[in-house]
Structures are given as C-alpha cells and as structure tokens.
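Trainee: Handing you this structure, nothing more for now.
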Amino acid sequence: MAVRPRSVYGFDNRFEAIAPQLEERIALKRSPRLAVAFTKEESFETASETLLPDRPISAHPNLVTEAGLKALELRFKEAREAYDGASTIEDVNERRRQTANPLRDLRYLAARLRTAQLVPYPTSIDTVAFGSTVTFRRDDGRVQTYRIVGEDEADPKAGSISYVSPVARLLMGKAVGDVVETGGQELEIIAIA
C-alpha cells in the first residue's frame, strides 16, 4: 500500500499544487460588500452603546423621606415603561440601543428601592435632623434654606441637600443660634422647620 505524502497541514500535496489557483479565484469572487457583511463592526459599535456601566451606588445608608420613596417608585415605573416601549422595536441593534439606558436605570432604581430606609418626618424642630428644613445665614449675609433629604432626592437648586453633604453633616444635631464653620465661612442657624 502506497502512502501519499502529506503537507504539514495534513492535506495531500495535490492540494498544495492547486492552492494558489483557488486563492486567486476566491479573491476574484470577493466583493467589498460581502467582506463587510461578515465583520463585527456594527456589533462592536452596538455593544459599546448598549453595554453601559452601572450607575454607582453610594456606600451610605439609603435613607429616604416619604416623598423620596414615592419619587423612586415613580422613576422605576417610568424606566420600566421606557424599557417595555423600546423592547418592541423590530431592529435588534436599534432595540439594544434604545433599551440600554432604561435597563441601566432599572438596575439602579431596583437596588435603591430594595435598600431604601424610610425615615419619618422629624417630630421636633429643636435640632436639625433628617427631613428638617433649615435656614442659615452665611458670613456674607446670604440666607439659604435647605431641606435635608436622601441622596437620590437631593436637588440643591430646588432647595434640598443630601444628608451626606458636608453642610448637612455640620448642621445635623444643631439648634437655632448655633454656628458651624465650613470652607472658612461661618453658618448661623436661624430657623428649623
């Protein structure tokens, strides 16, 4: 029995003889359109648009007011509706793009709702506490009023600051007339509600 010699790739030597001709034929039949169709460029672009990093979750306890808890629940419902609406898009890549943000928000909001600790409205206005509205005067004469709330409901422009903010930390536990110092300025508490 005669043994045919094989190439290093395991093919008959006859294949090696016609390989250049086959490669030439294949090269002639390739079209730019076909070559692009099998690349993963669009998939890579889509993945970079759809694989959004999770929103960071604070290491502090997730204290919330009643209004803050309701706002979290509403935001969760809105994110769920946005996700459900985007899930009906026919084009797979577009559906992935449109569901990326709502899906990230759903993960974040679900975690925040799961860890939420409802803090009742303060019963005393003797000292600044979580949920209190405090008015203070700065050295330069400015008077500011803020409500001390949870991290997710804080909005300084709307008059609320997070209980973990430096100013809130200084004010909590203080009474009307107390003075605290921050950033080289003194803040005098003039009202608590």
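Labels for the structure tokens follow display order: chains A, B, ..., residues from 1 in each chain, ligands from 1.
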Enumerate as a list in words all residues of region 45-159 of chain A assigned to strand (DSSP E) by DSSP on the backbone, naming them with the chain letters and numbers the document uses.

Mentor: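 Assigned to strand (DSSP E), within region 45-159 of chain A: Leu63, Val64, Gln117, Leu118, Thr133, Val134, Thr135, Phe136, Arg137, Arg138, Val143, Gln144, Thr145, Tyr146, Arg147, Ile148 and Val149 of chain A.
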
Trainee: Keeping only all heavy atoms, write the selected residues as a short mmCIF file (atom, residue, chain, number, x, y, z; two decimals), in the first residue's frame.

Mentor:
data_model
loop_
_atom_site.label_atom_id
_atom_site.label_comp_id
_atom_site.auth_asym_id
_atom_site.auth_seq_id
_atom_site.Cartn_x
_atom_site.Cartn_y
_atom_site.Cartn_z
N LEU A 63 -31.15 56.34 53.17
CA LEU A 63 -32.24 56.97 53.90
C LEU A 63 -33.10 57.76 52.92
O LEU A 63 -32.58 58.43 52.04
CB LEU A 63 -31.70 57.91 54.98
CG LEU A 63 -30.72 57.31 55.99
CD1 LEU A 63 -30.30 58.36 57.01
CD2 LEU A 63 -31.32 56.09 56.67
N VAL A 64 -34.42 57.65 53.08
CA VAL A 64 -35.34 58.38 52.20
C VAL A 64 -36.49 58.96 53.00
O VAL A 64 -36.89 58.41 54.03
CB VAL A 64 -35.92 57.49 51.07
CG1 VAL A 64 -34.84 57.03 50.13
CG2 VAL A 64 -36.68 56.30 51.64
N GLN A 117 -34.51 53.02 53.27
CA GLN A 117 -34.91 53.03 54.68
C GLN A 117 -35.73 54.29 54.90
O GLN A 117 -35.18 55.39 54.94
CB GLN A 117 -33.67 53.04 55.57
CG GLN A 117 -32.79 51.83 55.43
CD GLN A 117 -31.50 51.97 56.24
OE1 GLN A 117 -31.46 52.63 57.27
NE2 GLN A 117 -30.44 51.34 55.77
N LEU A 118 -37.03 54.12 55.01
CA LEU A 118 -37.93 55.25 55.19
C LEU A 118 -37.74 55.86 56.57
O LEU A 118 -37.83 55.18 57.59
CB LEU A 118 -39.38 54.79 55.00
CG LEU A 118 -40.45 55.86 55.13
CD1 LEU A 118 -40.27 56.94 54.08
CD2 LEU A 118 -41.83 55.23 55.01
N THR A 133 -36.15 71.15 57.53
CA THR A 133 -35.83 72.28 56.66
C THR A 133 -35.12 73.29 57.54
O THR A 133 -35.66 73.73 58.56
CB THR A 133 -37.11 72.89 56.04
OG1 THR A 133 -37.77 71.88 55.30
CG2 THR A 133 -36.77 74.06 55.14
N VAL A 134 -33.91 73.63 57.17
CA VAL A 134 -33.08 74.50 57.99
C VAL A 134 -32.72 75.76 57.20
O VAL A 134 -32.39 75.69 56.03
CB VAL A 134 -31.81 73.77 58.50
CG1 VAL A 134 -30.96 73.26 57.36
CG2 VAL A 134 -30.99 74.64 59.42
N THR A 135 -32.81 76.89 57.88
CA THR A 135 -32.42 78.18 57.29
C THR A 135 -31.20 78.68 58.04
O THR A 135 -31.18 78.67 59.27
CB THR A 135 -33.58 79.19 57.39
OG1 THR A 135 -34.74 78.64 56.77
CG2 THR A 135 -33.22 80.50 56.72
N PHE A 136 -30.18 79.10 57.28
CA PHE A 136 -28.96 79.60 57.91
C PHE A 136 -28.46 80.83 57.17
O PHE A 136 -28.78 81.06 56.01
CB PHE A 136 -27.87 78.52 57.98
CG PHE A 136 -27.53 77.89 56.66
CD1 PHE A 136 -26.56 78.45 55.84
CD2 PHE A 136 -28.18 76.73 56.24
CE1 PHE A 136 -26.24 77.87 54.63
CE2 PHE A 136 -27.86 76.16 55.03
CZ PHE A 136 -26.89 76.72 54.22
N ARG A 137 -27.70 81.63 57.92
CA ARG A 137 -27.12 82.85 57.35
C ARG A 137 -25.61 82.65 57.24
O ARG A 137 -24.96 82.19 58.18
CB ARG A 137 -27.41 84.05 58.25
CG ARG A 137 -26.88 85.37 57.70
CD ARG A 137 -27.07 86.58 58.64
NE ARG A 137 -27.88 86.35 59.80
CZ ARG A 137 -29.19 86.70 59.94
NH1 ARG A 137 -29.80 87.29 58.99
NH2 ARG A 137 -29.85 86.45 61.05
N ARG A 138 -25.07 83.03 56.08
CA ARG A 138 -23.62 82.96 55.85
C ARG A 138 -22.96 84.26 56.29
O ARG A 138 -23.64 85.27 56.48
CB ARG A 138 -23.33 82.71 54.37
CG ARG A 138 -23.79 81.33 53.89
CD ARG A 138 -23.43 81.12 52.43
NE ARG A 138 -23.76 79.78 51.99
CZ ARG A 138 -22.94 78.73 52.06
NH1 ARG A 138 -21.72 78.88 52.57
NH2 ARG A 138 -23.31 77.55 51.64
N VAL A 143 -28.80 84.40 53.01
CA VAL A 143 -29.63 83.49 53.79
C VAL A 143 -30.07 82.37 52.86
O VAL A 143 -30.59 82.63 51.77
CB VAL A 143 -30.86 84.23 54.39
CG1 VAL A 143 -31.77 83.24 55.10
CG2 VAL A 143 -30.40 85.32 55.34
N GLN A 144 -29.85 81.12 53.29
CA GLN A 144 -30.20 79.96 52.47
C GLN A 144 -31.06 79.01 53.28
O GLN A 144 -30.88 78.86 54.49
CB GLN A 144 -28.94 79.24 51.99
CG GLN A 144 -28.12 80.08 51.03
CD GLN A 144 -26.86 79.36 50.59
OE1 GLN A 144 -26.00 79.07 51.41
NE2 GLN A 144 -26.77 79.08 49.29
N THR A 145 -31.99 78.37 52.59
CA THR A 145 -32.87 77.40 53.21
C THR A 145 -32.79 76.09 52.43
O THR A 145 -32.94 76.10 51.20
CB THR A 145 -34.33 77.90 53.24
OG1 THR A 145 -34.37 79.14 53.95
CG2 THR A 145 -35.25 76.90 53.90
N TYR A 146 -32.55 75.00 53.14
CA TYR A 146 -32.47 73.68 52.51
C TYR A 146 -33.21 72.66 53.36
O TYR A 146 -33.19 72.73 54.58
CB TYR A 146 -31.02 73.22 52.37
CG TYR A 146 -30.23 73.99 51.35
CD1 TYR A 146 -29.25 74.88 51.74
CD2 TYR A 146 -30.47 73.82 49.98
CE1 TYR A 146 -28.51 75.59 50.81
CE2 TYR A 146 -29.74 74.52 49.04
CZ TYR A 146 -28.76 75.41 49.46
OH TYR A 146 -28.05 76.11 48.52
N ARG A 147 -33.78 71.69 52.69
CA ARG A 147 -34.35 70.53 53.37
C ARG A 147 -33.33 69.41 53.27
O ARG A 147 -32.76 69.18 52.20
CB ARG A 147 -35.67 70.11 52.72
CG ARG A 147 -36.31 68.94 53.45
CD ARG A 147 -37.78 68.80 53.13
NE ARG A 147 -38.35 67.76 53.96
CZ ARG A 147 -39.01 66.73 53.49
NH1 ARG A 147 -39.25 66.63 52.20
NH2 ARG A 147 -39.49 65.82 54.31
N ILE A 148 -33.09 68.72 54.35
CA ILE A 148 -32.10 67.64 54.38
C ILE A 148 -32.82 66.32 54.05
O ILE A 148 -33.73 65.91 54.78
CB ILE A 148 -31.38 67.57 55.74
CG1 ILE A 148 -30.64 68.90 55.96
CG2 ILE A 148 -30.41 66.39 55.78
CD1 ILE A 148 -30.00 69.05 57.31
N VAL A 149 -32.41 65.72 52.93
CA VAL A 149 -33.11 64.55 52.39
C VAL A 149 -32.12 63.46 52.00
O VAL A 149 -30.91 63.61 52.19
CB VAL A 149 -33.96 64.96 51.17
CG1 VAL A 149 -35.06 65.93 51.57
CG2 VAL A 149 -33.09 65.56 50.07
#

Trainee: For region 160-167 of chain A, find every residue with an atom within 10 Å (counting only C-alpha atoms), except residues of its own chain fewer than 2 positions away, and show them as a PyMOL selection string.

Mentor: chain A and resi 60-61+63-64+129-134+145-158+169-172+180-183+187

Trainee: Those same residues, written as a CSV table (one decimal), in the first residue's frame with N, CA and C atoms?

Mentor:
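Dumped to again20.csv:
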chain,number,residue,atom,x,y,z
A,60,HIS,N,-23.3,54.8,51.6
A,60,HIS,CA,-24.0,55.3,52.8
A,60,HIS,C,-25.4,54.6,52.8
A,61,PRO,N,-26.0,54.5,54.1
A,61,PRO,CA,-27.3,54.0,54.2
A,61,PRO,C,-28.3,54.8,53.3
A,63,LEU,N,-31.2,56.3,53.2
A,63,LEU,CA,-32.2,57.0,53.9
A,63,LEU,C,-33.1,57.8,52.9
A,64,VAL,N,-34.4,57.7,53.1
A,64,VAL,CA,-35.3,58.4,52.2
A,64,VAL,C,-36.5,59.0,53.0
A,129,ALA,N,-32.5,67.7,61.9
A,129,ALA,CA,-32.5,66.2,61.7
A,129,ALA,C,-32.8,65.9,60.2
A,130,PHE,N,-32.7,64.6,59.9
A,130,PHE,CA,-33.0,64.2,58.6
A,130,PHE,C,-34.5,64.5,58.3
A,131,GLY,N,-34.7,65.2,57.2
A,131,GLY,CA,-36.1,65.6,56.9
A,131,GLY,C,-36.4,67.0,57.3
A,132,SER,N,-35.6,67.6,58.1
A,132,SER,CA,-35.8,69.0,58.6
A,132,SER,C,-35.5,70.0,57.4
A,133,THR,N,-36.1,71.2,57.5
A,133,THR,CA,-35.8,72.3,56.7
A,133,THR,C,-35.1,73.3,57.5
A,134,VAL,N,-33.9,73.6,57.2
A,134,VAL,CA,-33.1,74.5,58.0
A,134,VAL,C,-32.7,75.8,57.2
A,145,THR,N,-32.0,78.4,52.6
A,145,THR,CA,-32.9,77.4,53.2
A,145,THR,C,-32.8,76.1,52.4
A,146,TYR,N,-32.6,75.0,53.1
A,146,TYR,CA,-32.5,73.7,52.5
A,146,TYR,C,-33.2,72.7,53.4
A,147,ARG,N,-33.8,71.7,52.7
A,147,ARG,CA,-34.4,70.5,53.4
A,147,ARG,C,-33.3,69.4,53.3
A,148,ILE,N,-33.1,68.7,54.4
A,148,ILE,CA,-32.1,67.6,54.4
A,148,ILE,C,-32.8,66.3,54.1
A,149,VAL,N,-32.4,65.7,52.9
A,149,VAL,CA,-33.1,64.5,52.4
A,149,VAL,C,-32.1,63.5,52.0
A,150,GLY,N,-32.6,62.4,51.4
A,150,GLY,CA,-31.8,61.3,50.9
A,150,GLY,C,-31.0,61.7,49.7
A,151,GLU,N,-30.0,60.9,49.4
A,151,GLU,CA,-29.1,61.2,48.2
A,151,GLU,C,-29.8,61.2,46.9
A,152,ASP,N,-30.8,60.4,46.7
A,152,ASP,CA,-31.5,60.3,45.4
A,152,ASP,C,-32.5,61.5,45.2
A,153,GLU,N,-32.9,62.1,46.3
A,153,GLU,CA,-33.9,63.1,46.1
A,153,GLU,C,-33.3,64.5,46.3
A,154,ALA,N,-32.0,64.6,46.6
A,154,ALA,CA,-31.3,65.9,46.8
A,154,ALA,C,-31.3,66.7,45.5
A,155,ASP,N,-31.6,67.9,45.5
A,155,ASP,CA,-31.5,68.9,44.4
A,155,ASP,C,-31.3,70.3,45.0
A,156,PRO,N,-30.1,70.7,45.1
A,156,PRO,CA,-29.8,72.0,45.7
A,156,PRO,C,-30.5,73.1,45.0
A,157,LYS,N,-30.7,73.1,43.7
A,157,LYS,CA,-31.4,74.2,43.0
A,157,LYS,C,-32.8,74.3,43.4
A,158,ALA,N,-33.4,73.1,43.8
A,158,ALA,CA,-34.8,73.1,44.3
A,158,ALA,C,-34.9,73.2,45.8
A,169,ARG,N,-24.1,67.5,57.1
A,169,ARG,CA,-23.4,66.9,58.2
A,169,ARG,C,-23.1,67.8,59.4
A,170,LEU,N,-22.6,69.0,59.0
A,170,LEU,CA,-22.3,70.0,60.0
A,170,LEU,C,-23.6,70.5,60.7
A,171,LEU,N,-24.7,70.6,60.0
A,171,LEU,CA,-25.9,71.2,60.6
A,171,LEU,C,-26.7,70.2,61.4
A,172,MET,N,-26.6,68.9,61.1
A,172,MET,CA,-27.4,67.9,61.8
A,172,MET,C,-27.1,67.9,63.3
A,180,VAL,N,-21.8,77.0,62.8
A,180,VAL,CA,-20.8,76.0,62.3
A,180,VAL,C,-19.9,76.6,61.3
A,181,GLU,N,-18.7,76.0,61.1
A,181,GLU,CA,-17.8,76.6,60.1
A,181,GLU,C,-17.5,75.6,59.0
A,182,THR,N,-17.6,76.1,57.8
A,182,THR,CA,-17.3,75.3,56.6
A,182,THR,C,-16.6,76.1,55.6
A,183,GLY,N,-15.5,75.6,55.0
A,183,GLY,CA,-14.8,76.3,54.0
A,183,GLY,C,-14.4,77.7,54.4
A,187,LEU,N,-21.7,79.6,59.4
A,187,LEU,CA,-23.1,79.5,59.1
A,187,LEU,C,-23.8,79.5,60.4

Trainee: Do you know which residues are at most 8 Å from Tyr83 (chain A) counting only C-alpha atoms, after dropping those on the same chain fewer than 3 positions away, and could you put them as a list in words?

Mentor: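 Using only C-alpha atoms, the neighbours found are Ala79, Arg80, Ala86, Ser87, Gln98, Thr99, Pro102 and Leu103 of chain A.
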
Trainee: Could you save those same residues with N, CA and C atoms as an mmCIF file, in the first residue's frame?

Mentor:
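Printed below is selection_26.cif as written:
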data_model
loop_
_atom_site.group_PDB
_atom_site.id
_atom_site.type_symbol
_atom_site.label_atom_id
_atom_site.label_comp_id
_atom_site.auth_asym_id
_atom_site.auth_seq_id
_atom_site.Cartn_x
_atom_site.Cartn_y
_atom_site.Cartn_z
ATOM 1 N N ALA A 79 -38.984 54.155 34.092
ATOM 2 C CA ALA A 79 -37.906 53.407 33.437
ATOM 3 C C ALA A 79 -38.432 52.091 32.890
ATOM 4 N N ARG A 80 -39.339 51.464 33.635
ATOM 5 C CA ARG A 80 -39.936 50.196 33.179
ATOM 6 C C ARG A 80 -40.763 50.417 31.909
ATOM 7 N N ALA A 86 -39.291 50.353 24.328
ATOM 8 C CA ALA A 86 -38.144 50.133 23.446
ATOM 9 C C ALA A 86 -37.989 48.664 23.080
ATOM 10 N N SER A 87 -38.505 47.767 23.895
ATOM 11 C CA SER A 87 -38.389 46.331 23.633
ATOM 12 C C SER A 87 -39.204 45.885 22.428
ATOM 13 N N GLN A 98 -31.844 51.423 22.273
ATOM 14 C CA GLN A 98 -32.942 52.122 22.950
ATOM 15 C C GLN A 98 -33.246 51.558 24.332
ATOM 16 N N THR A 99 -32.921 50.298 24.573
ATOM 17 C CA THR A 99 -33.195 49.705 25.895
ATOM 18 C C THR A 99 -32.022 49.859 26.856
ATOM 19 N N PRO A 102 -32.738 52.685 29.793
ATOM 20 C CA PRO A 102 -33.774 52.257 30.747
ATOM 21 C C PRO A 102 -33.375 51.019 31.543
ATOM 22 N N LEU A 103 -32.650 50.100 30.907
ATOM 23 C CA LEU A 103 -32.236 48.892 31.617
ATOM 24 C C LEU A 103 -31.244 49.222 32.724
#

Trainee: Please, what distance in Å, to one decimal, runs between CA of Asp126 (chain A) and CA of Asn62 (chain A)?

Mentor: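 Interatomic distance, CA of Asp126 (chain A) to CA of Asn62 (chain A): 24.4 Å.
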
Trainee: Write out as a CSV table (one decimal) with C-alpha atoms, in the first residue's frame each polymer residue whose atoms come within 8 Å of region 52-54 of chain A, counting only C-alpha atoms; drop sequence neighbours fewer than 6 positions from it.

Mentor:
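Saved to part.csv:
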chain,number,residue,atom,x,y,z
A,100,ALA,CA,-29.7,50.3,27.2
A,101,ASN,CA,-30.4,53.4,29.3
A,104,ARG,CA,-29.3,50.6,33.5
A,107,ARG,CA,-31.0,48.0,37.8
A,108,TYR,CA,-30.0,51.1,39.8

Trainee: Quote the spacing between CA of Gly173 (chain A) and CA of Gln185 (chain A) in Å to one decimal place.

Mentor: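 Answer for the CA of Gly173 (chain A) to CA of Gln185 (chain A) separation: 19.0 Å.
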
Trainee: Go through A:Leu51, A:Leu109, A:Val119, A:Val92 one by one, measure the shortest atom-to-atom distance of each to Phe76 (chain A) using only C-alpha atoms, and give the residue with the smallest value.

Mentor: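 Closest residue, counting only C-alpha atoms: A:Leu109.
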
Trainee: Using only C-alpha atoms, pick whichever of A:Arg142, A:Arg112, A:Arg97, A:Lys77 has the shortest atom-to-atom distance to Glu186 (chain A).

Mentor: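 Of A:Arg142, A:Arg112, A:Arg97, A:Lys77, the one nearest Glu186 (chain A) is A:Arg142, counting only C-alpha atoms.
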
Trainee: In Å, how far is it from CA of Asp105 (chain A) to CA of Arg55 (chain A)?

Mentor: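 If I compute the distance from CA of Asp105 (chain A) to CA of Arg55 (chain A), I get 7.7 Å.
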
Trainee: Go through A:Ala111, A:Val128, A:Ala193, A:Leu72 one by one, measure the shortest atom-to-atom distance of each to Ala175 (chain A) using only C-alpha atoms, and give the residue with the smallest value.

Mentor: A:Val128
